[in-house]
Every structure is written in C-alpha cells, then in structure tokens.
Amino acid sequence: MNGALRKKLQGYVGFANLPNQVHRKSVKKGFQFTVMVVGESGLGKSTLVNTLFNAPLYPSKDHVLLSEESPKTVGIQVLSTDIEENGVRLKLNVVDTPGFGDFINNEESWKPILETIEGRFDSYLEQENRVNRSKITDLRVNACLYFIAPTGHSLKALDIEFMKRLHKKVNLIPVIAKSDTLTHEEIAAFKERILLDIAHHDIKIYHAQHYDSDDIETINETKDVMSKIPFAIVGSDKIIETPDGRHVRGRKYPWGAIEVDNEEHCDFVKLRQMLVRTHMEELREFTNDIHYENYRTEKLLVLGYQQDNTVFREVDPLAKLEEERALHEAKLVKMEQDMKHVFQQKVQEKESKLTQSEQELYTKHKEMKDALEKQRLDLEEKKRRIEQGRPITPEKTKKKGFGFAGK
C-alpha cells in the first residue's frame with residue numbers, strides 16, 4: 001500500500017520467527033521438483049542426473065541389440081523417486097526425451113516435448129478449477145537442461161528451433177555435454193558463439209534474479225554462477241583414483257583424469273549449485289509466476305474468459321450502494337415490462353380465440369337457419385297440393401288414343 005508508515009517496535013513481538021515456521025512446515029510437507037533433460041542420444045543425460053543427485057536414479061542401460069527396431073518418434077519417459085538428505089525429503093521427477101535429434105528428419109522433434117510441458121500446465125489448471133483443491137499434484141516442469149553436442153562450432157538448426165519453441169514455456173538451462181572433449185580455449189570460444197546465437201534469435205534462457213535483501217557475497221556468488229552459462233559439464237558416478245592418491249568422482253584417460261567436482265576441470269559444481277543448492281525454489285516460483293501464469297492467461301482468453309478490471313480498483317461504498325440500487329431498479333422495471341408484454345400477449349391470444357369461436361357459431365347458426373327455411377317451404381308446398389286435391393306425388397297415366405270397332 002502506498003504511503004505505508006515504517007514504525008520501530010518498542011519491544012519483541014515475535015513475527016520475526018515466521019521464517020522458522022515456514023521452514024518447519026516445508027520440511028514436514030517435503031518438496032517436489034521436476035527437471036526435464038533434452039538432447040541427442042549419447043550425450044550423457046542419464047549419467048548427469050545420477051551425478052547431480054549423487055544417487056543411482058537411472059539404472060545402467062543395457063546394450064541395445066542390432067536387430068531391435070528403433071523408435072520412430074521422440075518418446076517421453078518419466079522417472080519419479082523420493083530422496084532424503086538430513087531429514088529433508090524431495091520428490092524428484094525426471095522427464096527424459098529419448099529419440100530427440102536421432103532421426104533423419106528432426107523438424108518437429110520439439111513437438112512432443114512442448115505438448116508434454118503444456119499438458120502438465122493443463123493438468124494443473126484443471127486441478128485449480130476443481131471444487132475440492134486440497135490435494136493438487138504439481139507436475140509442471142521447473143527446469144529444462146538442454147544438452148548441446150560439443151562440436152566447438154555453433155548451435156545447430158535443431159538447437160535453435162527447439163529453444164525458440166520452448167523458451168517461453170520452461171526455464172531453459174543450456175549445458176555443453178562431454179566438455180572433456182574440448183580444451184579450455186575451445187570451451188570459452190564455443191560458449192561465446194552459443195551466447196551470440198541465443199541473443200541473435202532472442203531466446204530467453206534462465207537467469208537468476210537479484211533481490212534487495214541479498215548481501216554482497218550472495219550477489220557475487222550468483223553473478224559467478226550465471227557467468228558460467230552455458231555450463232560445460234562432465235558427468236560421472238564412478239569413483240576413480242587420482243595420481244596423487246585421492247578417490248573422486250570422475251573419468252580416467254591415458255593422458256590424465258577429469259574430476260567432476262573440480263571447478264578447474266568443468267562447470268558441474270556451478271550447475272549443481274544453481275539447480276539444487278541455491279535456486280531450486282526460485283526455479284519453482286519462476287515456473288509458477290511467469291511461465292504458468294502466461295500460459296494460463298492465454299488459455300483462458302482462448303476459452304472466452306475476460307478479466308474484470310473493476311475488482312482491482314478502489315470503490316466508494318456509497319457510490320457502490322447507489323450503483324447497486326440503480327441496477328436493482330432497472331431490473332424491476334425490466335421485470336414489469338416483461339410481465340406487461342406477457343399479459344398483452346395472453347389477452348391477444350384469448351381475443352383471437354373468442355373471435356374465432358364467434359365466427360364459427362355464426363356460421364353454424366346461419367346453416368341451421370337456412371335448413372329450417374328450406375323445410376318450411378317444403379311443408380307449405382305439400383299443404384298447398386293437399387288443399388288442391390292433387391296428390392303430393394303425381395301418378396303417371398297412360399295416354400288415351402282413338403280406335404276402330406270390330407268389323
């Protein structure tokens with residue numbers, strides 16, 4: 001509210017404990033997060049998910065037989081699991097997209113993915129409109145990790161088309177897969193070209209927000225994380241031994257070892273920091289407040305809903321009462337006019353029926369009168385014939401002729 005006064009408390013009240021209350025409630029309820037991984041086969045999507053959450057969420061993939069038929073379209077596979085860390089429970093949903101970018105014609109590879117994201121928006125919207133909303137299941141996609149092949153050149157047409165189609169529906173986080181195939185100089189140049197392509201095509205990728213309450217350390221930490229986008233990552237859930245005897249997660253090569261959790265080797269730590277440790281809740285809020293609200297608004301407008309802006313303006317109670325009184329009087333006048341119209345219509349129908357009945361009676365009376373008159377004339381004719389001595393119906397007689405007597 002504008003013009004609000006800031007007052008200094010004279011003593012302890014207790015509402016400063018609200019964050020602790022929210023914390024206890026959240027821990028009791030648990031958290032839910034849905035992440036989508038998109039990219040061509042062989043870029044290490046499953047391995048990265050296992051590495052991010054330090055758990056074997058994805059089972060090891062069996063080798064596909066050569067005789068086995070490959071899928072014809074992009075598939076959607078969902079993995080749901082409950083994980084717990086220090087008493088905090090997280091229901092993690094991972095949406096995988098096998099088959100993306102693996103066909104000769106990949107023009108509409110993005111379509112099943114977009115339909116999945118919008119379908120989850122529709123499901124949430126339908127639950128919001130129920131009478132009983134006590135148990136709403138939120139399966140909206142909170143983040144989409146888009147895996148870019150480490151070509152070292154620039155984004156492919158498929159990459160650009162996918163991000164253009166989905167950047168307004170989901171929090172896009174581009175990552176360079178298997179970055180251990182590139183040198184540090186090649187990674188830096190590749191990142192620069194990717195960001196130029198993204199800016200040229202006006203693609204909106206996720207960027208963490210700064211808040212007034214953030215301290216300098218938090219702001220600098222967020223800037224440092226965002227400066228690594230697109231994240232050059234290496235995923236591995238295998239424990240290896242380094243030349244100096246340490247046991248770490250990583251990959252071992254003839255020329256040396258790549259440590260997943262070493263920031264000098266890749267950006268995995270920064271990606272995990274943003275996605276899990278510092279901005280998971282912000283990704284959920286951004287999904288709800290921006291992407292879902294925009295989709296919901298468009299959906300309701302298409303269905304014919306209109307926003308009543310009067311509910312957001314200040315209203316004078318007396319003016320509102322007068323407006324309601326005028327509306328009530330207008331309603332009464334309309335009801336009276338409708339009743340008069342109905343009454344007149346009924347009267348006209350009754351008069352029409354009476355006129356028709358009167359006409360029918362007059363016609364019938366005339367017919368009866370004509371019949372009686374005809375009978376009277378017939379009787380008078382018969383009477384006259386009787387008085388004259390003639391039969392009522394004259395008999396036919398033989399005509400007399402002349403003859404000769406017998407000779």
# chains A, B, ... in the order shown; residues from 1 in each chain; ligands from 1
call {"tool": "select_by_dssp", "arguments": {"residues": "region 49-191 of chain A", "states": "strand (DSSP E)", "output": "VMD selection string"}}
result
chain A and resid 77 to 85 88 to 96 143 to 148 172 to 176
call {"tool": "select_by_dssp", "arguments": {"residues": "region 40-128 of chain A", "states": "helix (DSSP H, G or I)", "output": "list in words"}}
result
Lys45, Ser46, Thr47, Leu48, Val49, Asn50, Thr51, Leu52, Lys111, Pro112, Ile113, Leu114, Glu115, Thr116, Ile117, Glu118, Gly119, Arg120, Phe121, Asp122, Ser123, Tyr124, Leu125, Glu126, Gln127 and Glu128 of chain A
call {"tool": "residues_around", "arguments": {"residues": "region 33-35 of chain A", "least_positions_apart": "5", "cutoff": "6 Å", "atoms": "only C-alpha atoms", "output": "VMD selection string"}}
result
chain A and resid 92 to 94 141 to 144
call {"tool": "write_last_selection", "arguments": {"atoms": "all heavy atoms", "output": "PDB file, in the first residue's frame"}}
result
ATOM      1  N   LEU A  92      11.569 -36.177  -6.550  1.00  0.00           N
ATOM      2  CA  LEU A  92      12.213 -35.749  -7.796  1.00  0.00           C
ATOM      3  C   LEU A  92      11.579 -36.461  -8.978  1.00  0.00           C
ATOM      4  O   LEU A  92      11.449 -37.692  -8.988  1.00  0.00           O
ATOM      5  CB  LEU A  92      13.707 -36.047  -7.741  1.00  0.00           C
ATOM      6  CG  LEU A  92      14.517 -35.698  -8.991  1.00  0.00           C
ATOM      7  CD1 LEU A  92      14.540 -34.201  -9.216  1.00  0.00           C
ATOM      8  CD2 LEU A  92      15.935 -36.252  -8.873  1.00  0.00           C
ATOM      9  N   ASN A  93      11.158 -35.678  -9.962  1.00  0.00           N
ATOM     10  CA  ASN A  93      10.617 -36.220 -11.207  1.00  0.00           C
ATOM     11  C   ASN A  93      11.568 -35.825 -12.343  1.00  0.00           C
ATOM     12  O   ASN A  93      11.820 -34.630 -12.552  1.00  0.00           O
ATOM     13  CB  ASN A  93       9.225 -35.658 -11.494  1.00  0.00           C
ATOM     14  CG  ASN A  93       8.246 -35.945 -10.375  1.00  0.00           C
ATOM     15  OD1 ASN A  93       8.057 -37.096  -9.994  1.00  0.00           O
ATOM     16  ND2 ASN A  93       7.634 -34.910  -9.823  1.00  0.00           N
ATOM     17  N   VAL A  94      12.078 -36.807 -13.035  1.00  0.00           N
ATOM     18  CA  VAL A  94      12.964 -36.562 -14.177  1.00  0.00           C
ATOM     19  C   VAL A  94      12.233 -36.972 -15.449  1.00  0.00           C
ATOM     20  O   VAL A  94      11.798 -38.121 -15.581  1.00  0.00           O
ATOM     21  CB  VAL A  94      14.281 -37.341 -14.049  1.00  0.00           C
ATOM     22  CG1 VAL A  94      15.188 -37.037 -15.237  1.00  0.00           C
ATOM     23  CG2 VAL A  94      14.985 -37.000 -12.742  1.00  0.00           C
ATOM     24  N   VAL A 141       6.947 -28.727 -15.264  1.00  0.00           N
ATOM     25  CA  VAL A 141       8.398 -28.828 -15.448  1.00  0.00           C
ATOM     26  C   VAL A 141       9.052 -27.537 -14.946  1.00  0.00           C
ATOM     27  O   VAL A 141       8.777 -26.452 -15.454  1.00  0.00           O
ATOM     28  CB  VAL A 141       8.747 -29.076 -16.927  1.00  0.00           C
ATOM     29  CG1 VAL A 141      10.259 -29.152 -17.106  1.00  0.00           C
ATOM     30  CG2 VAL A 141       8.085 -30.353 -17.427  1.00  0.00           C
ATOM     31  N   ASN A 142       9.926 -27.671 -13.940  1.00  0.00           N
ATOM     32  CA  ASN A 142      10.557 -26.494 -13.334  1.00  0.00           C
ATOM     33  C   ASN A 142      11.848 -26.080 -14.017  1.00  0.00           C
ATOM     34  O   ASN A 142      12.245 -24.915 -13.922  1.00  0.00           O
ATOM     35  CB  ASN A 142      10.833 -26.774 -11.852  1.00  0.00           C
ATOM     36  CG  ASN A 142       9.591 -27.213 -11.093  1.00  0.00           C
ATOM     37  OD1 ASN A 142       9.557 -28.279 -10.501  1.00  0.00           O
ATOM     38  ND2 ASN A 142       8.545 -26.409 -11.135  1.00  0.00           N
ATOM     39  N   ALA A 143      12.512 -27.005 -14.686  1.00  0.00           N
ATOM     40  CA  ALA A 143      13.758 -26.667 -15.382  1.00  0.00           C
ATOM     41  C   ALA A 143      13.981 -27.655 -16.515  1.00  0.00           C
ATOM     42  O   ALA A 143      13.607 -28.820 -16.409  1.00  0.00           O
ATOM     43  CB  ALA A 143      14.941 -26.689 -14.420  1.00  0.00           C
ATOM     44  N   CYS A 144      14.567 -27.152 -17.586  1.00  0.00           N
ATOM     45  CA  CYS A 144      14.878 -27.998 -18.739  1.00  0.00           C
ATOM     46  C   CYS A 144      16.370 -27.872 -19.037  1.00  0.00           C
ATOM     47  O   CYS A 144      16.845 -26.793 -19.425  1.00  0.00           O
ATOM     48  CB  CYS A 144      14.054 -27.588 -19.953  1.00  0.00           C
ATOM     49  SG  CYS A 144      14.461 -28.499 -21.456  1.00  0.00           S
TER      50      CYS A 144
END
call {"tool": "closest_residue", "arguments": {"among": "A:Ala16, A:Val95, A:Ala232, A:Ala157", "to": "Glu186 (chain A)", "atoms": "only C-alpha atoms"}}
result
A:Ala232
